>>> print(open('start_6.txt').read())   # compact mmCIF, C-alpha atoms (C1' of nucleotides)
# COMPACT_ATOMS: atom_id res chain seq x y z
CA MET C 230 0.00 0.00 0.00
CA PRO C 231 2.80 2.47 -0.47
CA GLU C 232 1.37 5.89 -1.16
CA LEU C 233 3.37 9.12 -1.23
CA PRO C 234 4.54 9.14 2.43
CA GLU C 235 5.66 5.51 2.36
CA VAL C 236 7.60 6.06 -0.86
CA GLU C 237 9.18 9.11 0.78
CA SER C 238 10.30 6.89 3.67
CA PHE C 239 11.88 4.49 1.16
CA ARG C 240 13.73 7.45 -0.30
CA LYS C 241 14.98 8.38 3.14
CA GLU C 242 16.24 4.85 3.66
CA ILE C 243 18.15 4.86 0.39
CA ASP C 244 19.69 8.35 0.64
CA PRO C 245 22.09 7.69 3.52
CA SER C 246 22.87 4.12 2.50
CA ALA C 247 22.83 3.16 -1.17
CA LEU C 248 24.23 6.29 -2.81
CA ASN C 249 27.78 6.70 -4.11
CA LYS C 250 28.66 3.01 -3.91
CA GLU C 251 29.75 1.04 -6.92
CA ILE C 252 27.29 -1.62 -8.03
CA SER C 253 29.06 -4.95 -8.47
CA THR C 254 26.38 -7.60 -8.93
CA ILE C 255 22.68 -7.75 -9.68
CA THR C 256 20.65 -10.84 -8.96
CA VAL C 257 17.18 -11.05 -10.44
CA HIS C 258 15.17 -13.67 -8.56
CA ASP C 259 11.95 -12.90 -10.40
CA ASP C 260 11.81 -10.75 -13.51
CA TYR C 261 8.04 -10.28 -13.51
CA ILE C 262 8.12 -6.70 -12.21
CA LEU C 263 11.16 -5.85 -14.33
CA LYS C 264 9.74 -4.16 -17.40
CA MET C 265 12.85 -4.52 -19.53
CA PRO C 266 15.21 -7.37 -20.47
CA THR C 267 17.22 -8.62 -17.50
CA LYS C 268 20.47 -8.54 -19.45
CA GLU C 269 19.97 -4.94 -20.47
CA PHE C 270 19.05 -4.02 -16.90
CA LYS C 271 22.22 -5.54 -15.47
CA GLU C 272 24.45 -4.05 -18.13
CA ALA C 273 23.09 -0.61 -17.50
CA LEU C 274 23.73 -0.73 -13.75
CA ILE C 275 26.84 -2.80 -13.07
CA GLY C 276 29.85 -0.61 -12.38
CA LYS C 277 27.70 2.45 -11.81
CA LYS C 278 26.92 4.47 -8.69
CA PHE C 279 23.58 5.91 -7.64
CA THR C 280 23.98 9.61 -7.10
CA ARG C 281 20.63 10.93 -5.82
CA THR C 282 16.98 10.10 -5.42
CA GLU C 283 13.86 11.87 -6.50
CA ARG C 284 10.26 11.02 -5.70
CA ARG C 285 7.29 11.98 -7.77
CA GLY C 286 3.96 10.87 -6.38
CA LYS C 287 4.25 7.17 -5.66
CA TYR C 288 7.22 6.78 -8.01
CA LEU C 289 10.81 6.68 -6.85
CA PHE C 290 13.66 7.52 -9.20
CA ILE C 291 17.26 6.67 -8.30
CA HIS C 292 19.62 8.63 -10.47
CA PHE C 293 22.81 7.23 -12.02
CA ASP C 294 24.83 8.45 -14.99
CA SER C 295 22.23 10.45 -16.88
CA LYS C 296 19.53 7.86 -16.26
CA ASN C 297 17.22 6.74 -13.47
CA LEU C 298 16.27 3.46 -11.90
CA MET C 299 12.50 3.83 -11.63
CA LEU C 300 10.61 1.98 -8.92
CA HIS C 301 6.86 1.76 -8.55
CA PHE C 302 5.75 -0.26 -5.57
CA ALA C 303 2.09 -0.87 -6.41
CA MET C 304 0.44 -2.62 -3.49
CA SER C 305 3.07 -4.66 -1.78
CA GLY C 306 6.45 -3.27 -2.71
CA THR C 307 9.25 -2.03 -0.50
CA VAL C 308 13.03 -1.67 -0.44
CA LYS C 309 15.54 -2.92 2.10
CA TYR C 310 19.20 -2.09 2.65
CA TYR C 311 21.37 -4.57 4.53
CA ASN C 312 24.96 -5.69 4.81
CA ASN C 313 24.67 -9.41 5.41
CA PRO C 314 23.33 -11.59 2.59
CA LYS C 315 21.62 -13.71 5.23
CA ASN C 316 19.33 -10.76 5.85
CA GLU C 317 17.96 -10.72 2.35
CA PRO C 318 14.23 -10.21 2.88
CA GLU C 319 11.53 -12.64 1.86
CA TYR C 320 10.05 -11.80 -1.56
CA SER C 321 13.21 -9.97 -2.61
CA LYS C 322 12.77 -9.84 -6.38
CA ILE C 323 15.91 -7.96 -7.34
CA GLN C 324 19.07 -7.76 -5.27
CA ILE C 325 21.68 -5.12 -5.96
CA GLU C 326 25.09 -5.81 -4.47
CA PHE C 327 27.59 -3.04 -3.94
CA LYS C 328 31.34 -3.43 -4.11
CA ASN C 329 31.67 -2.75 -0.38
CA GLY C 330 29.55 -5.82 0.43
CA ASP C 331 26.25 -4.04 1.15
CA TYR C 332 22.95 -4.86 -0.55
CA LEU C 333 19.78 -3.17 -1.65
CA SER C 334 16.77 -5.36 -2.34
CA ILE C 335 13.66 -4.47 -4.26
CA VAL C 336 10.95 -6.42 -2.51
CA SER C 337 7.43 -7.24 -3.63
CA VAL C 338 5.15 -9.75 -1.96
CA ARG C 339 2.86 -9.89 -4.95
CA LYS C 340 3.93 -9.48 -8.50
CA LEU C 341 2.43 -6.08 -9.04
CA GLY C 342 4.84 -3.20 -9.44
CA ARG C 343 7.30 -1.85 -11.96
CA VAL C 344 11.07 -1.63 -12.14
CA GLN C 345 12.64 0.00 -15.15
CA ILE C 346 15.46 2.23 -16.31
CA VAL C 347 14.25 5.50 -17.71
CA ASN C 348 15.91 8.63 -19.03
CA GLU C 349 14.42 11.98 -18.10
CA ILE C 350 11.98 11.94 -15.18
CA SER C 351 9.87 14.70 -16.66
CA GLU C 352 9.67 12.85 -19.95
CA TYR C 353 8.65 9.63 -18.20
CA ALA C 354 6.04 11.50 -16.19
CA LYS C 355 4.57 13.00 -19.32
CA GLU C 356 4.42 9.72 -21.20
CA ASN C 357 2.80 7.93 -18.27
CA GLU C 358 0.48 10.73 -17.26
CA ILE C 359 1.92 11.21 -13.82
CA GLY C 360 0.56 14.50 -12.58
CA PRO C 361 2.27 17.02 -10.31
CA ASP C 362 3.36 15.76 -6.92
CA ALA C 363 0.74 16.32 -4.23
CA LEU C 364 3.24 18.11 -1.98
CA LYS C 365 4.54 20.47 -4.63
CA LEU C 366 1.22 22.01 -5.61
CA THR C 367 0.40 25.62 -4.92
CA LEU C 368 -3.14 26.52 -3.91
CA ASP C 369 -3.76 28.14 -7.28
CA GLU C 370 -2.57 25.05 -9.13
CA PHE C 371 -4.76 22.89 -6.94
CA LYS C 372 -7.79 25.08 -7.66
CA MET C 373 -7.17 24.78 -11.39
CA ILE C 374 -6.88 21.01 -11.15
CA MET C 375 -10.12 20.81 -9.18
CA GLU C 376 -11.80 22.98 -11.79
CA ASN C 377 -10.81 20.39 -14.38
CA LYS C 378 -12.08 17.57 -12.17
CA LYS C 379 -15.29 19.27 -11.14
CA ARG C 380 -17.52 16.47 -12.41
CA SER C 381 -15.71 13.87 -10.29
CA TYR C 382 -16.36 12.66 -6.79
CA ALA C 383 -14.02 14.29 -4.28
CA LYS C 384 -12.45 10.92 -3.50
CA THR C 385 -11.90 10.04 -7.17
CA ALA C 386 -10.41 13.44 -7.94
CA LEU C 387 -7.84 13.07 -5.16
CA MET C 388 -6.87 9.61 -6.36
CA ASP C 389 -6.48 10.52 -10.03
CA GLN C 390 -2.73 10.18 -10.52
CA SER C 391 -2.80 12.14 -13.75
CA ALA C 392 -4.28 15.13 -11.93
CA ILE C 393 -2.31 14.91 -8.67
CA SER C 394 0.19 12.16 -7.98
CA GLY C 395 0.78 10.42 -4.69
CA ILE C 396 -2.62 9.96 -3.03
CA GLY C 397 -4.22 6.51 -2.88
CA ASN C 398 -7.20 4.90 -1.23
CA GLU C 399 -6.17 5.18 2.40
CA TYR C 400 -4.76 8.70 2.32
CA SER C 401 -7.67 10.03 0.31
CA ASP C 402 -10.01 8.81 3.05
CA GLU C 403 -7.85 10.43 5.69
CA ILE C 404 -7.64 13.74 3.81
CA LEU C 405 -11.41 13.85 3.29
CA PHE C 406 -11.98 12.99 6.95
CA GLN C 407 -9.71 15.83 8.11
CA ALA C 408 -11.35 18.22 5.65
CA LYS C 409 -14.82 17.01 6.73
CA ILE C 410 -15.91 16.27 3.18
CA TYR C 411 -18.21 13.40 2.22
CA PRO C 412 -16.20 11.24 -0.24
CA LYS C 413 -18.88 11.17 -2.92
CA THR C 414 -19.37 14.93 -2.97
CA LYS C 415 -19.02 16.22 -6.50
CA ILE C 416 -16.14 18.69 -6.72
CA SER C 417 -18.38 21.15 -8.57
CA THR C 418 -20.53 21.59 -5.44
CA LEU C 419 -17.61 22.56 -3.21
CA LYS C 420 -17.29 26.19 -2.21
CA SER C 421 -14.00 27.94 -2.76
CA ALA C 422 -13.31 27.93 0.98
CA THR C 423 -13.86 24.17 1.11
CA ILE C 424 -11.42 23.65 -1.76
CA GLU C 425 -8.88 25.57 0.31
CA THR C 426 -9.60 23.38 3.33
CA LEU C 427 -9.12 20.32 1.15
CA TYR C 428 -5.80 21.66 -0.08
CA GLU C 429 -4.62 22.30 3.45
CA SER C 430 -5.72 18.83 4.54
CA ILE C 431 -3.69 17.22 1.77
CA LEU C 432 -0.55 18.98 2.98
CA GLU C 433 -1.32 18.40 6.63
CA VAL C 434 -2.01 14.68 6.29
CA LEU C 435 0.87 13.89 3.95
CA ASN C 436 3.38 16.01 5.85
CA THR C 437 2.32 14.51 9.18
CA ALA C 438 2.82 11.02 7.79
CA ILE C 439 6.25 11.97 6.46
CA GLU C 440 7.33 13.64 9.69
CA LEU C 441 6.30 10.58 11.66
CA ASN C 442 8.18 8.41 9.15
CA ILE C 443 4.96 6.49 8.97
CA LYS C 444 6.43 3.22 7.83
CA ASN C 445 7.62 2.65 11.38
CA THR C 446 5.11 4.54 13.51
CA LYS C 447 1.41 5.18 13.91
CA PHE C 448 -0.77 8.16 13.30
CA PRO C 449 -2.02 10.29 16.21
CA ASN C 450 -5.33 9.16 17.64
CA GLU C 451 -7.39 11.90 15.99
CA TYR C 452 -6.69 10.41 12.58
CA LEU C 453 -9.11 8.11 10.85
CA MET C 454 -6.30 5.79 9.83
CA LEU C 455 -6.07 4.08 13.21
CA HIS C 456 -9.77 3.43 13.46
CA ARG C 457 -10.93 2.65 9.97
CA ASP C 458 -10.43 -1.06 9.59
CA LYS C 459 -12.33 -2.14 12.65
CA GLU C 460 -15.10 0.37 12.04
CA GLU C 461 -14.53 1.83 15.47
CA ASN C 462 -15.92 5.14 16.63
CA CYS C 463 -14.90 8.44 15.11
CA PRO C 464 -11.97 9.93 17.08
CA LYS C 465 -13.46 13.40 16.65
CA CYS C 466 -17.17 13.00 17.39
CA GLY C 467 -17.54 9.49 18.77
CA SER C 468 -20.16 8.25 16.34
CA GLY C 469 -19.65 5.14 14.25
CA ILE C 470 -17.29 5.06 11.31
CA LYS C 471 -18.96 3.70 8.24
CA ARG C 472 -17.64 1.61 5.39
CA TYR C 473 -18.61 2.62 1.89
CA GLU C 474 -17.89 1.52 -1.62
CA ILE C 475 -16.68 3.57 -4.55
CA SER C 476 -15.72 2.06 -7.90
CA SER C 477 -15.64 -1.40 -6.32
CA ARG C 478 -13.02 -0.17 -3.88
CA HIS C 479 -13.86 0.29 -0.25
CA GLY C 480 -13.25 3.19 2.04
CA PHE C 481 -14.29 4.57 5.40
CA TYR C 482 -15.77 7.83 6.59
CA CYS C 483 -17.61 9.39 9.51
CA PRO C 484 -21.22 10.11 8.45
CA LYS C 485 -21.56 12.76 11.14
CA CYS C 486 -18.34 14.70 10.52
CA GLN C 487 -18.53 14.22 6.73
CA SER C 488 -22.19 14.77 6.05
CA GLU C 489 -23.56 14.48 2.52
C1' DC F 1255 -11.68 -23.64 0.25
C1' DG F 1256 -13.32 -18.76 -0.88
C1' DT F 1257 -12.96 -13.82 0.06
C1' DC F 1258 -10.48 -9.78 0.80
C1' DC F 1259 -7.43 -6.18 -0.66
C1' DT F 1260 -3.97 -2.97 -2.66
C1' DG F 1261 -2.61 0.40 -7.48
C1' DT F 1262 -3.01 0.50 -12.11
C1' DT F 1263 -4.92 -0.41 -16.56
C1' DA F 1264 -8.34 -1.71 -19.95
C1' DT F 1265 -12.98 -1.74 -21.28
C1' DC F 1266 -17.74 -0.66 -21.29
C1' DG F 1267 -21.80 2.30 -20.90
C1' DG F 1268 -23.72 6.82 -19.75
C1' DG R 359 -13.82 13.10 -24.14
C1' DC R 360 -14.93 12.76 -19.36
C1' DC R 361 -16.86 10.00 -15.73
C1' DG R 362 -18.00 5.87 -12.86
C1' DA R 363 -18.27 0.94 -12.54
C1' DT R 364 -16.14 -3.28 -13.23
C1' DA R 365 -12.74 -6.80 -13.92
C1' DA R 366 -8.19 -8.25 -14.32
C1' DC R 367 -3.74 -8.75 -12.44
C1' DA R 368 -1.18 -11.74 -8.04
C1' DG R 369 -0.91 -14.04 -4.02
C1' DG R 370 -0.56 -13.77 1.08
C1' DA R 371 -3.68 -13.32 5.01
C1' DC R 372 -7.51 -14.90 7.06
>>> encode(input="start_6.txt", output="structure tokens")
Amino acid sequence: MPELPEVESFRKEIDPSALNKEISTITVHDDYILKMPTKEFKEALIGKKFTRTERRGKYLFIHFDSKNLMLHFAMSGTVKYYNNPKNEPEYSKIQIEFKNGDYLSIVSVRKLGRVQIVNEISEYAKENEIGPDALKLTLDEFKMIMENKKRSYAKTALMDQSAISGIGNEYSDEILFQAKIYPKTKISTLKSATIETLYESILEVLNTAIELNIKNTKFPNEYLMLHRDKEENCPKCGSGIKRYEISSRHGFYCPKCQSE
DNA sequence: CGTCCTGTTATCGG
DNA sequence: GCCGATAACAGGAC
């Protein structure tokens, strides 16, 4: 379930560990998520050093030479850095060994996800309709995007990666909960002030998750995230959290705080 | 055993 | 062409 904050935590794991080390060996255990020939992949990386990382939405780019190793984690992906081959994680699909004896594994429990070498990030983003990163939007840009998505449900608009990249099912529920917006509200019916609230909630929720390094910690109690799965009571008003369905995907909301 | 569930993509109908 | 609904993908968890 990596959404923007989880991918950001992967980036923060890689930055102090896997950069500026010569790649010596690449072992591909399962080439299903590798969207290019294994031979070509290895040849491009062996002998090279990663120099920096860049995240865009749920995509992570690891720069080397003038190219990028692109990782998309889909539903079950993660990365792990370690220095003893015995610690190679379960479901490690691709293992990158550095000359100093350290390793970086690209892990995916299921086979969904993408690993690829791409040139320009902006070019890749354009070709694959990856919209602007949710944390790099100005309020004016956000308003323009919402104007273009005005016929959509609020939830669907937030999750449209071509409009804004980085927000998935769980975070969209959390953002709408904090903004007190019913998920199936049509964007066109939102007042300008509510759009601003929505914008602020996006930043607040995503930045909170990043600051907490959410991969390893939990959200504060007043977040929906902790209470959603068990359909507990709303941490703000105490009434029951309700499960709903949207495009055959399920979500949660508080009917009292997020009235229709 | 069947159902759930995640992100993305393709396809269909409105 | 935009939108929502649906299924497909894959497989571990329950």
>>> atom_distance(input="start_6.txt", atom1="C1' of DT1257 (chain F)", atom2="CA of Glu474 (chain C)")
16.2 Å
>>> closest_residue(input="start_6.txt", among="C:Lys322, C:Arg339, C:Lys264, C:Lys328", to="DG369 (chain R)", atoms="only C-alpha atoms (C1' of nucleotides)")
C:Arg339
>>> residues_around(input="start_6.txt", residues="His479 (chain C)", least_positions_apart="6", cutoff="12 Å", atoms="only C-alpha atoms (C1' of nucleotides)", output="list in words")
Lys384, Gly397, Asn398, Glu399, Ser401, Asp402, Pro412, Arg457, Asp458, Lys471, Arg472 and Tyr473 of chain C; DC1258, DC1259 and DT1260 of chain F
>>> interface_residues(input="start_6.txt", of="chain C", to="chain R", cutoff="8 Å", atoms="only C-alpha atoms (C1' of nucleotides)", output="list of chain:residue names")
C:Val338, C:Arg339, C:Lys340, C:Leu341, C:Arg380, C:Ser381, C:Ser476, C:Ser477
>>> atom_distance(input="start_6.txt", atom1="CA of Val236 (chain C)", atom2="CA of Val336 (chain C)")
13.0 Å
>>> closest_residue(input="start_6.txt", among="C:Ser391, C:Asn313, C:Thr282, C:Asn348", to="chain F", atoms="only C-alpha atoms (C1' of nucleotides)")
C:Ser391
>>> interface_residues(input="start_6.txt", of="chain C", to="chain F", cutoff="9 Å", atoms="all atoms listed in the file", output="PyMOL selection string")
chain C and resi 230-231+302-305+341-342+397-398+478
>>> atom_distance(input="start_6.txt", atom1="CA of Leu435 (chain C)", atom2="CA of Ser334 (chain C)")
25.7 Å
>>> axis_aligned_box(input="start_6.txt", around="region 1258-1267 of chain F", padding_each_side="6 Å", output="JSON")
{"center_x": -12.2, "center_y": -3.7, "center_z": -10.2, "size_x": 31.2, "size_y": 24.1, "size_z": 34.1}
>>> build_atoms(input="start_6.txt", residues="region 302-338 of chain C", atoms="N, CA and C atoms", output="compact mmCIF listing (two decimals), in the frame of the given file")
# COMPACT_ATOMS: atom_id res chain seq x y z
N PHE C 302 5.92 0.81 -6.54
CA PHE C 302 5.75 -0.26 -5.57
C PHE C 302 4.37 -0.91 -5.59
N ALA C 303 3.46 -0.35 -6.35
CA ALA C 303 2.09 -0.87 -6.41
C ALA C 303 1.58 -1.17 -5.01
N MET C 304 1.12 -2.37 -4.75
CA MET C 304 0.44 -2.62 -3.49
C MET C 304 1.30 -3.23 -2.41
N SER C 305 2.34 -3.91 -2.80
CA SER C 305 3.07 -4.66 -1.78
C SER C 305 4.58 -4.46 -1.86
N GLY C 306 5.02 -3.43 -2.53
CA GLY C 306 6.45 -3.27 -2.71
C GLY C 306 7.14 -2.52 -1.58
N THR C 307 8.43 -2.76 -1.46
CA THR C 307 9.25 -2.03 -0.50
C THR C 307 10.72 -2.17 -0.91
N VAL C 308 11.60 -1.48 -0.22
CA VAL C 308 13.03 -1.67 -0.44
C VAL C 308 13.68 -1.98 0.90
N LYS C 309 14.81 -2.67 0.86
CA LYS C 309 15.54 -2.92 2.10
C LYS C 309 17.03 -2.88 1.84
N TYR C 310 17.74 -2.18 2.72
CA TYR C 310 19.20 -2.09 2.65
C TYR C 310 19.78 -2.91 3.78
N TYR C 311 20.79 -3.69 3.49
CA TYR C 311 21.37 -4.57 4.53
C TYR C 311 22.80 -4.91 4.15
N ASN C 312 23.55 -5.40 5.12
CA ASN C 312 24.96 -5.69 4.81
C ASN C 312 25.37 -7.14 5.04
N ASN C 313 24.38 -7.98 5.30
CA ASN C 313 24.67 -9.41 5.41
C ASN C 313 23.70 -10.15 4.50
N PRO C 314 24.23 -10.92 3.54
CA PRO C 314 23.33 -11.59 2.59
C PRO C 314 22.30 -12.50 3.27
N LYS C 315 22.59 -12.89 4.49
CA LYS C 315 21.62 -13.71 5.23
C LYS C 315 20.36 -12.92 5.56
N ASN C 316 20.49 -11.60 5.52
CA ASN C 316 19.33 -10.76 5.85
C ASN C 316 18.50 -10.39 4.63
N GLU C 317 18.77 -11.02 3.53
CA GLU C 317 17.96 -10.72 2.35
C GLU C 317 16.51 -11.02 2.68
N PRO C 318 15.62 -10.03 2.47
CA PRO C 318 14.23 -10.21 2.88
C PRO C 318 13.48 -11.23 2.02
N GLU C 319 12.42 -11.76 2.60
CA GLU C 319 11.53 -12.64 1.86
C GLU C 319 10.91 -11.82 0.73
N TYR C 320 10.66 -12.45 -0.39
CA TYR C 320 10.05 -11.80 -1.56
C TYR C 320 10.96 -10.75 -2.20
N SER C 321 12.26 -10.83 -1.92
CA SER C 321 13.21 -9.97 -2.61
C SER C 321 13.23 -10.40 -4.08
N LYS C 322 12.83 -9.49 -4.95
CA LYS C 322 12.77 -9.84 -6.38
C LYS C 322 14.07 -9.53 -7.10
N ILE C 323 14.67 -8.39 -6.71
CA ILE C 323 15.91 -7.96 -7.34
C ILE C 323 16.87 -7.53 -6.24
N GLN C 324 18.06 -8.12 -6.27
CA GLN C 324 19.07 -7.76 -5.27
C GLN C 324 20.22 -7.06 -5.95
N ILE C 325 20.55 -5.88 -5.44
CA ILE C 325 21.68 -5.12 -5.96
C ILE C 325 22.81 -5.20 -4.94
N GLU C 326 23.95 -5.71 -5.38
CA GLU C 326 25.09 -5.81 -4.47
C GLU C 326 26.10 -4.73 -4.80
N PHE C 327 26.59 -4.08 -3.76
CA PHE C 327 27.59 -3.04 -3.94
C PHE C 327 28.98 -3.62 -3.67
N LYS C 328 29.96 -2.94 -4.21
CA LYS C 328 31.34 -3.43 -4.11
C LYS C 328 31.81 -3.54 -2.66
N ASN C 329 31.24 -2.71 -1.79
CA ASN C 329 31.67 -2.75 -0.38
C ASN C 329 31.01 -3.87 0.41
N GLY C 330 30.17 -4.68 -0.26
CA GLY C 330 29.55 -5.82 0.43
C GLY C 330 28.16 -5.55 0.97
N ASP C 331 27.62 -4.35 0.73
CA ASP C 331 26.25 -4.04 1.15
C ASP C 331 25.27 -4.42 0.03
N TYR C 332 23.98 -4.46 0.41
CA TYR C 332 22.95 -4.86 -0.55
C TYR C 332 21.73 -3.96 -0.47
N LEU C 333 21.10 -3.81 -1.61
CA LEU C 333 19.78 -3.17 -1.65
C LEU C 333 18.84 -4.13 -2.37
N SER C 334 17.74 -4.48 -1.71
CA SER C 334 16.77 -5.36 -2.34
C SER C 334 15.51 -4.62 -2.70
N ILE C 335 14.98 -4.94 -3.87
CA ILE C 335 13.66 -4.47 -4.26
C ILE C 335 12.72 -5.62 -3.97
N VAL C 336 11.78 -5.36 -3.07
CA VAL C 336 10.95 -6.42 -2.51
C VAL C 336 9.51 -6.23 -2.97
N SER C 337 8.85 -7.32 -3.31
CA SER C 337 7.43 -7.24 -3.63
C SER C 337 6.77 -8.56 -3.29
N VAL C 338 5.82 -8.51 -2.37
CA VAL C 338 5.15 -9.75 -1.96
C VAL C 338 4.36 -10.32 -3.12
